[in-house]
Amino acid sequence: MREVKRKPPDLLILDPLFAYIPAGQDIYKPNVIRQLLSFLKDIAEAGETAVVIIRHLTKAKHNKAIYQGGGSMDVIGAARSAFLVCEHPNDSSTKLIVHIKHNIAVRGQTQSYEIVGEDGGGASINWLGPSDITIDDLISSEGAPRISALDEATQFLRVFLKNGPEPSTKVEKEAAARDIAPKTLERARRALGVRSKKKGKGWFLSLPDEE
């Protein structure tokens with residue numbers, strides 16, 4: 001980040017935003033996120049840098065899409081333009097990019113695309129063009145489109161363990177605070193290959209590349 005501030009780029013992408021928050025910090029508390037947002041604001045203004053922030057959806061149900069993103073509401077509050085990326089409600093193979101906040105321009109038309117597999121295991125994006133679907137079409141009594149419980153648990157572990165091993169009891173406590181069920185957390189641990197190692201009288205969890 002120091003190098004970015006010294007020589008601001010034309011474009012800065014944080015994917016996901018919460019990977020840049022110290023492990024153990026509560027991403028839902030405004031004071032935790034405001035320092036990073038202020039830093040990004042300085043970079044954007046000083047270097048005329050476009051800053052793209054990516055965050056994931058939560059399991060909680062909301063009637064407004066802007067409340068659906070994980071973490072403090074300060075994130076969406078600071079954004080001048082925001083988009084929701086989700087599956088087409090009638091075709092899971094088609095993805096949508098829907099404009100949900102537009103402070104500096106008129107609302108853009110929804111765009112659609114598909115992910116095409118390639119030889120060798122790679123993939124590419126095939127743009128399908130504009131769509132008439134709006135955010136109002138996607139919102140229902142069930143709330144906005146949301147990621148699966150497993151995806152949310154996996155993202156939580158990636159962020160929480162990114163700085164190194166953490167006590168398993170602490171990981172489980174933080175996961176419970178985010179309504180991540182123990183069975184879902186265990187599935188996410190297996191999916192990521194999270195390591196468990198005993199230190200002293202306790203067990204610690206770490207990502208595979210920490211070993």
# chains A, B, ... in the order shown; residues from 1 in each chain; ligands from 1
>>> residues_around(residues="Leu36 in chain A", least_positions_apart="3", cutoff="12 Å", atoms="only C-alpha atoms", output="VMD selection string")
chain A and resid 1 14 17 to 22 27 30 to 33 39 to 43 53 74 to 75 78
>>> residues_around(residues="Asp132 in chain A", least_positions_apart="5", cutoff="12 Å", atoms="only C-alpha atoms", output="PyMOL selection string")
chain A and resi 88+96-99+108-112+137-138
>>> write_last_selection(atoms="all heavy atoms", output="compact mmCIF listing (two decimals), in the first residue's frame")
# COMPACT_ATOMS: atom_id res chain seq x y z
N HIS A 88 -28.54 -14.95 -13.38
CA HIS A 88 -29.84 -14.64 -13.95
C HIS A 88 -30.89 -15.48 -13.20
O HIS A 88 -30.68 -16.68 -12.96
CB HIS A 88 -29.84 -15.00 -15.44
CG HIS A 88 -31.02 -14.49 -16.19
ND1 HIS A 88 -32.30 -14.98 -16.00
CD2 HIS A 88 -31.14 -13.53 -17.15
CE1 HIS A 88 -33.14 -14.36 -16.79
NE2 HIS A 88 -32.47 -13.47 -17.50
N LEU A 96 -25.30 -11.67 -14.40
CA LEU A 96 -25.75 -10.29 -14.60
C LEU A 96 -24.89 -9.30 -13.82
O LEU A 96 -24.41 -9.62 -12.72
CB LEU A 96 -27.21 -10.14 -14.13
CG LEU A 96 -28.25 -11.02 -14.81
CD1 LEU A 96 -29.59 -10.87 -14.10
CD2 LEU A 96 -28.38 -10.67 -16.29
N ILE A 97 -24.69 -8.13 -14.39
CA ILE A 97 -24.05 -7.01 -13.70
C ILE A 97 -25.10 -5.91 -13.64
O ILE A 97 -25.47 -5.34 -14.66
CB ILE A 97 -22.79 -6.52 -14.43
CG1 ILE A 97 -21.77 -7.66 -14.54
CG2 ILE A 97 -22.17 -5.34 -13.68
CD1 ILE A 97 -20.51 -7.27 -15.27
N VAL A 98 -25.60 -5.65 -12.42
CA VAL A 98 -26.74 -4.75 -12.23
C VAL A 98 -26.31 -3.50 -11.47
O VAL A 98 -25.69 -3.60 -10.40
CB VAL A 98 -27.87 -5.46 -11.46
CG1 VAL A 98 -29.14 -4.61 -11.47
CG2 VAL A 98 -28.14 -6.85 -12.05
N HIS A 99 -26.63 -2.34 -12.00
CA HIS A 99 -26.28 -1.07 -11.37
C HIS A 99 -27.24 -0.82 -10.19
O HIS A 99 -28.44 -0.73 -10.38
CB HIS A 99 -26.40 0.06 -12.38
CG HIS A 99 -25.51 1.22 -12.11
ND1 HIS A 99 -25.43 2.32 -12.93
CD2 HIS A 99 -24.63 1.46 -11.10
CE1 HIS A 99 -24.55 3.18 -12.45
NE2 HIS A 99 -24.07 2.68 -11.34
N GLY A 108 -27.02 2.73 -15.14
CA GLY A 108 -26.63 2.02 -16.35
C GLY A 108 -27.50 0.80 -16.59
O GLY A 108 -28.08 0.25 -15.64
N GLN A 109 -27.59 0.38 -17.83
CA GLN A 109 -28.41 -0.80 -18.15
C GLN A 109 -27.68 -2.06 -17.72
O GLN A 109 -26.45 -2.17 -17.80
CB GLN A 109 -28.70 -0.86 -19.65
CG GLN A 109 -29.65 -1.99 -20.01
CD GLN A 109 -30.12 -1.92 -21.46
OE1 GLN A 109 -29.58 -1.14 -22.25
NE2 GLN A 109 -31.12 -2.70 -21.82
N THR A 110 -28.43 -3.01 -17.24
CA THR A 110 -27.88 -4.29 -16.82
C THR A 110 -27.19 -4.98 -18.00
O THR A 110 -27.71 -4.98 -19.12
CB THR A 110 -29.00 -5.20 -16.28
OG1 THR A 110 -29.57 -4.58 -15.11
CG2 THR A 110 -28.47 -6.58 -15.91
N GLN A 111 -26.03 -5.56 -17.73
CA GLN A 111 -25.28 -6.30 -18.75
C GLN A 111 -25.23 -7.78 -18.37
O GLN A 111 -25.20 -8.13 -17.19
CB GLN A 111 -23.85 -5.75 -18.88
CG GLN A 111 -23.79 -4.29 -19.29
CD GLN A 111 -24.32 -4.05 -20.68
OE1 GLN A 111 -24.03 -4.81 -21.62
NE2 GLN A 111 -25.11 -3.00 -20.84
N SER A 112 -25.22 -8.65 -19.37
CA SER A 112 -25.19 -10.09 -19.12
C SER A 112 -23.97 -10.73 -19.78
O SER A 112 -23.45 -10.23 -20.76
CB SER A 112 -26.47 -10.75 -19.66
OG SER A 112 -26.57 -10.56 -21.06
N ASP A 137 -36.42 -6.23 -10.27
CA ASP A 137 -36.85 -7.55 -10.71
C ASP A 137 -36.20 -8.65 -9.88
O ASP A 137 -36.79 -9.74 -9.70
CB ASP A 137 -36.50 -7.77 -12.19
CG ASP A 137 -37.21 -6.81 -13.12
OD1 ASP A 137 -38.38 -6.49 -12.85
OD2 ASP A 137 -36.58 -6.36 -14.10
N LEU A 138 -35.02 -8.38 -9.39
CA LEU A 138 -34.27 -9.40 -8.65
C LEU A 138 -34.68 -9.47 -7.18
O LEU A 138 -34.58 -10.52 -6.55
CB LEU A 138 -32.76 -9.12 -8.73
CG LEU A 138 -32.15 -9.22 -10.13
CD1 LEU A 138 -30.72 -8.73 -10.10
CD2 LEU A 138 -32.21 -10.66 -10.63
>>> residues_around(residues="range 163-173 of chain A", least_positions_apart="4", cutoff="12 Å", atoms="only C-alpha atoms", output="JSON, numbers by chain")
{"A": [19, 20, 21, 22, 23, 24, 25, 153, 156, 157, 158, 159, 177, 178, 179, 180, 181, 182, 183, 184, 185, 186, 189, 194, 195, 196, 197, 198, 199, 200, 201, 202, 203, 204, 205, 206, 207, 208, 209, 210, 211]}
>>> select_by_dssp(residues="range 27-210 of chain A", states="strand (DSSP E or B)", output="compact mmCIF listing (two decimals) with all heavy atoms, in the first residue's frame")
# COMPACT_ATOMS: atom_id res chain seq x y z
N ALA A 50 -8.80 5.49 -10.14
CA ALA A 50 -10.10 4.83 -10.03
C ALA A 50 -9.94 3.63 -9.09
O ALA A 50 -9.06 2.79 -9.29
CB ALA A 50 -10.58 4.35 -11.39
N VAL A 51 -10.74 3.57 -8.03
CA VAL A 51 -10.64 2.51 -7.04
C VAL A 51 -11.86 1.59 -7.16
O VAL A 51 -13.00 2.04 -7.06
CB VAL A 51 -10.56 3.08 -5.61
CG1 VAL A 51 -10.48 1.94 -4.59
CG2 VAL A 51 -9.36 4.00 -5.47
N VAL A 52 -11.60 0.32 -7.40
CA VAL A 52 -12.67 -0.68 -7.50
C VAL A 52 -12.58 -1.60 -6.28
O VAL A 52 -11.55 -2.23 -6.05
CB VAL A 52 -12.55 -1.53 -8.78
CG1 VAL A 52 -13.61 -2.63 -8.80
CG2 VAL A 52 -12.69 -0.64 -10.01
N ILE A 53 -13.64 -1.62 -5.49
CA ILE A 53 -13.71 -2.44 -4.28
C ILE A 53 -14.65 -3.62 -4.53
O ILE A 53 -15.76 -3.44 -5.00
CB ILE A 53 -14.21 -1.62 -3.08
CG1 ILE A 53 -13.15 -0.59 -2.66
CG2 ILE A 53 -14.58 -2.52 -1.92
CD1 ILE A 53 -13.63 0.35 -1.58
N LEU A 57 -21.52 -11.03 -0.88
CA LEU A 57 -22.84 -10.89 -0.29
C LEU A 57 -22.94 -11.69 1.00
O LEU A 57 -22.19 -12.64 1.23
CB LEU A 57 -23.91 -11.38 -1.27
CG LEU A 57 -23.93 -10.71 -2.65
CD1 LEU A 57 -25.03 -11.31 -3.50
CD2 LEU A 57 -24.11 -9.21 -2.51
N GLY A 69 -24.31 -6.33 0.90
CA GLY A 69 -22.88 -6.60 0.94
C GLY A 69 -22.36 -6.81 2.35
O GLY A 69 -22.90 -6.27 3.31
N SER A 81 -20.47 4.64 -7.12
CA SER A 81 -21.21 3.79 -8.04
C SER A 81 -21.03 2.35 -7.57
O SER A 81 -19.93 1.96 -7.17
CB SER A 81 -20.70 3.95 -9.47
OG SER A 81 -21.55 3.32 -10.41
N ALA A 82 -22.11 1.57 -7.58
CA ALA A 82 -22.02 0.19 -7.10
C ALA A 82 -22.82 -0.75 -8.00
O ALA A 82 -23.86 -0.37 -8.56
CB ALA A 82 -22.54 0.10 -5.67
N PHE A 83 -22.32 -1.98 -8.14
CA PHE A 83 -22.95 -2.97 -9.00
C PHE A 83 -23.11 -4.29 -8.24
O PHE A 83 -22.27 -4.64 -7.41
CB PHE A 83 -22.09 -3.23 -10.24
CG PHE A 83 -21.88 -2.01 -11.10
CD1 PHE A 83 -20.87 -1.10 -10.81
CD2 PHE A 83 -22.70 -1.77 -12.20
CE1 PHE A 83 -20.67 0.03 -11.59
CE2 PHE A 83 -22.51 -0.65 -12.99
CZ PHE A 83 -21.50 0.26 -12.68
N LEU A 84 -24.16 -4.99 -8.56
CA LEU A 84 -24.39 -6.33 -8.04
C LEU A 84 -24.11 -7.32 -9.16
O LEU A 84 -24.65 -7.19 -10.26
CB LEU A 84 -25.84 -6.48 -7.57
CG LEU A 84 -26.28 -7.90 -7.18
CD1 LEU A 84 -25.56 -8.35 -5.91
CD2 LEU A 84 -27.78 -7.97 -7.01
N VAL A 85 -23.26 -8.32 -8.89
CA VAL A 85 -22.98 -9.37 -9.86
C VAL A 85 -23.65 -10.64 -9.35
O VAL A 85 -23.37 -11.08 -8.23
CB VAL A 85 -21.46 -9.59 -10.03
CG1 VAL A 85 -21.19 -10.72 -11.03
CG2 VAL A 85 -20.78 -8.31 -10.48
N CYS A 86 -24.54 -11.21 -10.15
CA CYS A 86 -25.32 -12.36 -9.69
C CYS A 86 -25.75 -13.22 -10.87
O CYS A 86 -25.53 -12.87 -12.03
CB CYS A 86 -26.53 -11.89 -8.90
SG CYS A 86 -27.70 -10.92 -9.89
N GLU A 87 -26.40 -14.34 -10.56
CA GLU A 87 -26.93 -15.21 -11.60
C GLU A 87 -28.26 -14.66 -12.12
O GLU A 87 -29.01 -14.02 -11.39
CB GLU A 87 -27.16 -16.62 -11.06
CG GLU A 87 -25.89 -17.39 -10.75
CD GLU A 87 -26.18 -18.82 -10.31
OE1 GLU A 87 -27.37 -19.12 -10.05
OE2 GLU A 87 -25.24 -19.60 -10.22
N HIS A 88 -28.54 -14.95 -13.38
CA HIS A 88 -29.84 -14.64 -13.95
C HIS A 88 -30.89 -15.48 -13.20
O HIS A 88 -30.68 -16.68 -12.96
CB HIS A 88 -29.84 -15.00 -15.44
CG HIS A 88 -31.02 -14.49 -16.19
ND1 HIS A 88 -32.30 -14.98 -16.00
CD2 HIS A 88 -31.14 -13.53 -17.15
CE1 HIS A 88 -33.14 -14.36 -16.79
NE2 HIS A 88 -32.47 -13.47 -17.50
N ASP A 91 -31.84 -18.46 -15.43
CA ASP A 91 -30.81 -19.21 -16.15
C ASP A 91 -29.49 -19.09 -15.39
O ASP A 91 -28.80 -18.07 -15.48
CB ASP A 91 -30.66 -18.68 -17.57
CG ASP A 91 -29.61 -19.42 -18.38
OD1 ASP A 91 -29.09 -20.44 -17.88
OD2 ASP A 91 -29.30 -18.98 -19.50
N SER A 92 -29.14 -20.11 -14.63
CA SER A 92 -27.94 -20.05 -13.78
C SER A 92 -26.65 -19.93 -14.57
O SER A 92 -25.62 -19.53 -14.03
CB SER A 92 -27.88 -21.28 -12.87
OG SER A 92 -27.79 -22.46 -13.64
N SER A 93 -26.67 -20.28 -15.86
CA SER A 93 -25.45 -20.18 -16.68
C SER A 93 -25.18 -18.75 -17.13
O SER A 93 -24.08 -18.43 -17.59
CB SER A 93 -25.55 -21.09 -17.90
OG SER A 93 -26.57 -20.65 -18.79
N THR A 94 -26.18 -17.89 -17.02
CA THR A 94 -26.03 -16.49 -17.41
C THR A 94 -25.84 -15.63 -16.16
O THR A 94 -26.56 -15.78 -15.17
CB THR A 94 -27.27 -15.99 -18.17
OG1 THR A 94 -27.41 -16.76 -19.36
CG2 THR A 94 -27.14 -14.52 -18.53
N LYS A 95 -24.86 -14.75 -16.20
CA LYS A 95 -24.57 -13.86 -15.08
C LYS A 95 -24.99 -12.43 -15.43
O LYS A 95 -25.00 -12.04 -16.60
CB LYS A 95 -23.08 -13.88 -14.73
CG LYS A 95 -22.45 -15.28 -14.72
CD LYS A 95 -23.13 -16.23 -13.75
CE LYS A 95 -22.48 -17.62 -13.82
NZ LYS A 95 -23.18 -18.59 -12.95
N LEU A 96 -25.30 -11.67 -14.40
CA LEU A 96 -25.75 -10.29 -14.60
C LEU A 96 -24.89 -9.30 -13.82
O LEU A 96 -24.41 -9.62 -12.72
CB LEU A 96 -27.21 -10.14 -14.13
CG LEU A 96 -28.25 -11.02 -14.81
CD1 LEU A 96 -29.59 -10.87 -14.10
CD2 LEU A 96 -28.38 -10.67 -16.29
N ILE A 97 -24.69 -8.13 -14.39
CA ILE A 97 -24.05 -7.01 -13.70
C ILE A 97 -25.10 -5.91 -13.64
O ILE A 97 -25.47 -5.34 -14.66
CB ILE A 97 -22.79 -6.52 -14.43
CG1 ILE A 97 -21.77 -7.66 -14.54
CG2 ILE A 97 -22.17 -5.34 -13.68
CD1 ILE A 97 -20.51 -7.27 -15.27
N VAL A 98 -25.60 -5.65 -12.42
CA VAL A 98 -26.74 -4.75 -12.23
C VAL A 98 -26.31 -3.50 -11.47
O VAL A 98 -25.69 -3.60 -10.40
CB VAL A 98 -27.87 -5.46 -11.46
CG1 VAL A 98 -29.14 -4.61 -11.47
CG2 VAL A 98 -28.14 -6.85 -12.05
N HIS A 99 -26.63 -2.34 -12.00
CA HIS A 99 -26.28 -1.07 -11.37
C HIS A 99 -27.24 -0.82 -10.19
O HIS A 99 -28.44 -0.73 -10.38
CB HIS A 99 -26.40 0.06 -12.38
CG HIS A 99 -25.51 1.22 -12.11
ND1 HIS A 99 -25.43 2.32 -12.93
CD2 HIS A 99 -24.63 1.46 -11.10
CE1 HIS A 99 -24.55 3.18 -12.45
NE2 HIS A 99 -24.07 2.68 -11.34
N ILE A 100 -26.71 -0.71 -8.96
CA ILE A 100 -27.58 -0.54 -7.81
C ILE A 100 -27.37 0.79 -7.09
O ILE A 100 -28.18 1.18 -6.24
CB ILE A 100 -27.40 -1.69 -6.80
CG1 ILE A 100 -25.97 -1.73 -6.24
CG2 ILE A 100 -27.78 -3.01 -7.44
CD1 ILE A 100 -25.79 -2.76 -5.14
N LYS A 101 -26.28 1.51 -7.40
CA LYS A 101 -26.06 2.84 -6.83
C LYS A 101 -25.38 3.69 -7.87
O LYS A 101 -24.42 3.24 -8.50
CB LYS A 101 -25.22 2.77 -5.55
CG LYS A 101 -25.02 4.13 -4.89
CD LYS A 101 -24.18 4.04 -3.61
CE LYS A 101 -24.00 5.42 -3.00
NZ LYS A 101 -23.16 5.39 -1.78
N HIS A 102 -25.84 4.94 -8.03
CA HIS A 102 -25.27 5.78 -9.10
C HIS A 102 -25.34 7.25 -8.68
O HIS A 102 -26.27 7.97 -9.03
CB HIS A 102 -26.02 5.55 -10.41
CG HIS A 102 -27.51 5.50 -10.27
ND1 HIS A 102 -28.33 6.57 -10.54
CD2 HIS A 102 -28.32 4.51 -9.86
CE1 HIS A 102 -29.58 6.24 -10.32
NE2 HIS A 102 -29.61 4.98 -9.91
N GLN A 111 -26.03 -5.56 -17.73
CA GLN A 111 -25.28 -6.30 -18.75
C GLN A 111 -25.23 -7.78 -18.37
O GLN A 111 -25.20 -8.13 -17.19
CB GLN A 111 -23.85 -5.75 -18.88
CG GLN A 111 -23.79 -4.29 -19.29
CD GLN A 111 -24.32 -4.05 -20.68
OE1 GLN A 111 -24.03 -4.81 -21.62
NE2 GLN A 111 -25.11 -3.00 -20.84
N SER A 112 -25.22 -8.65 -19.37
CA SER A 112 -25.19 -10.09 -19.12
C SER A 112 -23.97 -10.73 -19.78
O SER A 112 -23.45 -10.23 -20.76
CB SER A 112 -26.47 -10.75 -19.66
OG SER A 112 -26.57 -10.56 -21.06
N TYR A 113 -23.53 -11.85 -19.19
CA TYR A 113 -22.38 -12.57 -19.74
C TYR A 113 -22.45 -14.02 -19.30
O TYR A 113 -23.24 -14.41 -18.43
CB TYR A 113 -21.06 -11.94 -19.28
CG TYR A 113 -20.78 -12.08 -17.80
CD1 TYR A 113 -19.99 -13.12 -17.30
CD2 TYR A 113 -21.27 -11.15 -16.88
CE1 TYR A 113 -19.71 -13.25 -15.95
CE2 TYR A 113 -21.00 -11.26 -15.52
CZ TYR A 113 -20.23 -12.31 -15.06
OH TYR A 113 -19.96 -12.43 -13.71
N GLU A 114 -21.60 -14.84 -19.91
CA GLU A 114 -21.47 -16.24 -19.52
C GLU A 114 -19.99 -16.59 -19.42
O GLU A 114 -19.15 -15.94 -20.04
CB GLU A 114 -22.16 -17.15 -20.54
CG GLU A 114 -21.57 -17.08 -21.93
CD GLU A 114 -22.29 -18.00 -22.91
OE1 GLU A 114 -23.16 -18.76 -22.47
OE2 GLU A 114 -21.97 -17.93 -24.12
N ILE A 115 -19.70 -17.59 -18.61
CA ILE A 115 -18.33 -18.05 -18.45
C ILE A 115 -18.14 -19.30 -19.30
O ILE A 115 -18.88 -20.28 -19.15
CB ILE A 115 -18.02 -18.35 -16.97
CG1 ILE A 115 -18.19 -17.07 -16.14
CG2 ILE A 115 -16.60 -18.89 -16.82
CD1 ILE A 115 -18.03 -17.29 -14.65
N VAL A 116 -17.18 -19.24 -20.21
CA VAL A 116 -16.97 -20.33 -21.17
C VAL A 116 -15.68 -21.07 -20.82
O VAL A 116 -14.61 -20.46 -20.69
CB VAL A 116 -16.88 -19.78 -22.60
CG1 VAL A 116 -16.68 -20.92 -23.59
CG2 VAL A 116 -18.14 -18.99 -22.94
N GLY A 117 -15.78 -22.39 -20.65
CA GLY A 117 -14.61 -23.20 -20.37
C GLY A 117 -13.72 -23.33 -21.59
O GLY A 117 -14.19 -23.34 -22.72
N ALA A 123 -10.77 -20.43 -18.43
CA ALA A 123 -12.12 -19.95 -18.74
C ALA A 123 -12.04 -18.53 -19.26
O ALA A 123 -11.07 -17.80 -19.00
CB ALA A 123 -13.00 -20.00 -17.49
N SER A 124 -13.05 -18.13 -20.02
CA SER A 124 -13.12 -16.78 -20.54
C SER A 124 -14.55 -16.27 -20.42
O SER A 124 -15.49 -17.04 -20.21
CB SER A 124 -12.67 -16.73 -22.01
OG SER A 124 -13.54 -17.52 -22.82
N ILE A 125 -14.71 -14.97 -20.54
CA ILE A 125 -16.03 -14.35 -20.44
C ILE A 125 -16.56 -14.05 -21.84
O ILE A 125 -15.85 -13.47 -22.67
CB ILE A 125 -15.97 -13.04 -19.61
CG1 ILE A 125 -15.70 -13.38 -18.14
CG2 ILE A 125 -17.25 -12.25 -19.75
CD1 ILE A 125 -15.57 -12.15 -17.26
N ASN A 126 -17.79 -14.45 -22.08
CA ASN A 126 -18.46 -14.16 -23.34
C ASN A 126 -19.61 -13.19 -23.04
O ASN A 126 -20.59 -13.56 -22.38
CB ASN A 126 -19.01 -15.44 -23.96
CG ASN A 126 -19.76 -15.17 -25.26
OD1 ASN A 126 -19.40 -14.27 -26.02
ND2 ASN A 126 -20.81 -15.94 -25.51
N TRP A 127 -19.47 -11.95 -23.48
CA TRP A 127 -20.49 -10.94 -23.20
C TRP A 127 -21.72 -11.19 -24.07
O TRP A 127 -21.61 -11.38 -25.28
CB TRP A 127 -19.94 -9.54 -23.45
CG TRP A 127 -18.90 -9.15 -22.44
CD1 TRP A 127 -17.55 -9.19 -22.59
CD2 TRP A 127 -19.14 -8.71 -21.09
NE1 TRP A 127 -16.93 -8.79 -21.44
CE2 TRP A 127 -17.87 -8.49 -20.49
CE3 TRP A 127 -20.30 -8.49 -20.34
CZ2 TRP A 127 -17.73 -8.05 -19.18
CZ3 TRP A 127 -20.17 -8.04 -19.03
CH2 TRP A 127 -18.90 -7.83 -18.47
N LEU A 128 -22.89 -11.18 -23.45
CA LEU A 128 -24.14 -11.48 -24.14
C LEU A 128 -24.96 -10.23 -24.45
O LEU A 128 -26.00 -10.33 -25.11
CB LEU A 128 -24.99 -12.44 -23.29
CG LEU A 128 -24.31 -13.77 -22.93
CD1 LEU A 128 -25.20 -14.58 -22.00
CD2 LEU A 128 -23.98 -14.56 -24.19
N GLY A 129 -24.52 -9.09 -23.96
CA GLY A 129 -25.21 -7.85 -24.27
C GLY A 129 -26.12 -7.37 -23.16
O GLY A 129 -26.20 -7.96 -22.08
N PRO A 130 -26.85 -6.27 -23.40
CA PRO A 130 -27.73 -5.67 -22.39
C PRO A 130 -28.89 -6.59 -22.02
O PRO A 130 -29.29 -7.45 -22.79
CB PRO A 130 -28.23 -4.40 -23.08
CG PRO A 130 -27.27 -4.14 -24.19
CD PRO A 130 -26.82 -5.49 -24.64
N SER A 140 -37.07 -9.83 -4.15
CA SER A 140 -38.37 -10.47 -3.91
C SER A 140 -38.59 -10.52 -2.42
O SER A 140 -37.82 -9.99 -1.63
CB SER A 140 -38.38 -11.89 -4.49
OG SER A 140 -37.48 -12.72 -3.77
N GLY A 143 -35.72 -11.58 -0.39
CA GLY A 143 -34.53 -10.76 -0.26
C GLY A 143 -33.69 -10.82 -1.51
O GLY A 143 -34.03 -11.49 -2.49
N GLU A 166 -4.47 -19.06 13.64
CA GLU A 166 -5.32 -18.50 14.69
C GLU A 166 -5.86 -19.66 15.53
O GLU A 166 -6.09 -20.76 15.02
CB GLU A 166 -6.50 -17.72 14.09
CG GLU A 166 -6.12 -16.45 13.36
CD GLU A 166 -5.75 -15.31 14.31
OE1 GLU A 166 -5.93 -15.48 15.53
OE2 GLU A 166 -5.29 -14.27 13.81
N PRO A 167 -6.07 -19.43 16.84
CA PRO A 167 -6.63 -20.49 17.69
C PRO A 167 -7.97 -20.97 17.14
O PRO A 167 -8.80 -20.17 16.72
CB PRO A 167 -6.80 -19.79 19.05
CG PRO A 167 -5.82 -18.67 19.02
CD PRO A 167 -5.79 -18.20 17.60
N ARG A 195 -5.27 -26.29 7.63
CA ARG A 195 -4.46 -27.17 8.48
C ARG A 195 -4.78 -26.94 9.94
O ARG A 195 -5.05 -25.82 10.36
CB ARG A 195 -2.98 -26.91 8.23
CG ARG A 195 -2.55 -26.98 6.78
CD ARG A 195 -2.57 -28.40 6.24
NE ARG A 195 -2.16 -28.46 4.85
CZ ARG A 195 -0.91 -28.51 4.44
NH1 ARG A 195 0.08 -28.47 5.32
NH2 ARG A 195 -0.64 -28.59 3.15
N SER A 196 -4.72 -27.99 10.73
CA SER A 196 -4.92 -27.92 12.18
C SER A 196 -3.67 -28.46 12.87
O SER A 196 -3.20 -29.56 12.55
CB SER A 196 -6.15 -28.73 12.58
OG SER A 196 -6.34 -28.69 13.98
N LYS A 197 -3.10 -27.66 13.78
CA LYS A 197 -1.86 -28.06 14.45
C LYS A 197 -1.92 -27.69 15.92
O LYS A 197 -2.35 -26.59 16.28
CB LYS A 197 -0.67 -27.36 13.79
CG LYS A 197 0.68 -27.81 14.31
CD LYS A 197 1.80 -27.16 13.52
CE LYS A 197 3.16 -27.65 13.99
NZ LYS A 197 4.27 -27.03 13.22
N LYS A 198 -1.49 -28.61 16.78
CA LYS A 198 -1.53 -28.37 18.21
C LYS A 198 -0.29 -27.61 18.66
O LYS A 198 0.83 -27.95 18.30
CB LYS A 198 -1.63 -29.68 18.97
CG LYS A 198 -1.94 -29.49 20.46
CD LYS A 198 -2.26 -30.82 21.14
CE LYS A 198 -2.70 -30.57 22.58
NZ LYS A 198 -3.04 -31.84 23.28
N LYS A 199 -0.53 -26.53 19.42
CA LYS A 199 0.57 -25.74 20.00
C LYS A 199 0.28 -25.57 21.48
O LYS A 199 -0.70 -24.93 21.85
CB LYS A 199 0.68 -24.38 19.31
CG LYS A 199 1.09 -24.44 17.86
CD LYS A 199 1.24 -23.03 17.27
CE LYS A 199 1.65 -23.09 15.82
NZ LYS A 199 1.80 -21.71 15.24
N GLY A 202 -3.45 -25.91 23.07
CA GLY A 202 -4.53 -25.56 22.15
C GLY A 202 -4.24 -25.93 20.71
O GLY A 202 -3.11 -26.28 20.35
N TRP A 203 -5.28 -25.88 19.88
CA TRP A 203 -5.18 -26.16 18.46
C TRP A 203 -5.27 -24.87 17.66
O TRP A 203 -6.05 -23.98 18.01
CB TRP A 203 -6.28 -27.12 18.02
CG TRP A 203 -6.08 -28.51 18.54
CD1 TRP A 203 -6.50 -29.00 19.74
CD2 TRP A 203 -5.40 -29.58 17.89
NE1 TRP A 203 -6.12 -30.30 19.90
CE2 TRP A 203 -5.44 -30.70 18.76
CE3 TRP A 203 -4.76 -29.71 16.66
CZ2 TRP A 203 -4.87 -31.92 18.44
CZ3 TRP A 203 -4.19 -30.94 16.33
CH2 TRP A 203 -4.24 -32.03 17.20
N PHE A 204 -4.46 -24.79 16.61
CA PHE A 204 -4.44 -23.61 15.76
C PHE A 204 -4.77 -24.01 14.33
O PHE A 204 -4.38 -25.08 13.86
CB PHE A 204 -3.07 -22.93 15.79
CG PHE A 204 -2.81 -22.14 17.05
CD1 PHE A 204 -2.61 -22.79 18.27
CD2 PHE A 204 -2.77 -20.75 17.03
CE1 PHE A 204 -2.38 -22.07 19.43
CE2 PHE A 204 -2.54 -20.02 18.18
CZ PHE A 204 -2.35 -20.68 19.39
N LEU A 205 -5.47 -23.12 13.62
CA LEU A 205 -5.83 -23.35 12.23
C LEU A 205 -5.04 -22.41 11.33
O LEU A 205 -4.77 -21.26 11.71
CB LEU A 205 -7.33 -23.10 12.02
CG LEU A 205 -8.28 -23.95 12.86
CD1 LEU A 205 -9.72 -23.62 12.50
CD2 LEU A 205 -8.01 -25.45 12.69
N SER A 206 -4.68 -22.89 10.15
CA SER A 206 -3.95 -22.06 9.19
C SER A 206 -4.29 -22.49 7.78
O SER A 206 -4.72 -23.62 7.53
CB SER A 206 -2.44 -22.17 9.42
OG SER A 206 -1.99 -23.50 9.17
>>> select_by_dssp(residues="range 42-141 of chain A", states="helix (DSSP H, G or I)", output="PyMOL selection string")
chain A and resi 42-47+65-67+74-78+135-138
>>> atom_distance(atom1="CA of Asp26 in chain A", atom2="CA of Gln68 in chain A")
16.9 Å
>>> residues_around(residues="range 3-8 of chain A", least_positions_apart="3", cutoff="8 Å", atoms="only C-alpha atoms", output="list in words")
Ile43, Ala46, Gly47, Glu48 and Thr49 of chain A
>>> decode(residues="range 41-55 of chain A", atoms="C-alpha atoms", output="PDB file, in the first residue's frame")
ATOM      1  CA  LYS A  41      -9.907   8.270  -0.708  1.00  0.00           C
ATOM      2  CA  ASP A  42      -6.531  10.021  -0.400  1.00  0.00           C
ATOM      3  CA  ILE A  43      -5.070   7.826  -3.161  1.00  0.00           C
ATOM      4  CA  ALA A  44      -8.043   8.449  -5.437  1.00  0.00           C
ATOM      5  CA  GLU A  45      -7.908  12.213  -4.997  1.00  0.00           C
ATOM      6  CA  ALA A  46      -4.129  12.641  -5.121  1.00  0.00           C
ATOM      7  CA  GLY A  47      -3.459  10.371  -8.093  1.00  0.00           C
ATOM      8  CA  GLU A  48      -6.813  10.600  -9.882  1.00  0.00           C
ATOM      9  CA  THR A  49      -6.968   6.866  -9.367  1.00  0.00           C
ATOM     10  CA  ALA A  50     -10.100   4.826 -10.027  1.00  0.00           C
ATOM     11  CA  VAL A  51     -10.640   2.506  -7.038  1.00  0.00           C
ATOM     12  CA  VAL A  52     -12.665  -0.684  -7.496  1.00  0.00           C
ATOM     13  CA  ILE A  53     -13.708  -2.445  -4.281  1.00  0.00           C
ATOM     14  CA  ILE A  54     -15.018  -6.012  -4.376  1.00  0.00           C
ATOM     15  CA  ARG A  55     -16.903  -7.581  -1.481  1.00  0.00           C
TER      16      ARG A  55
END
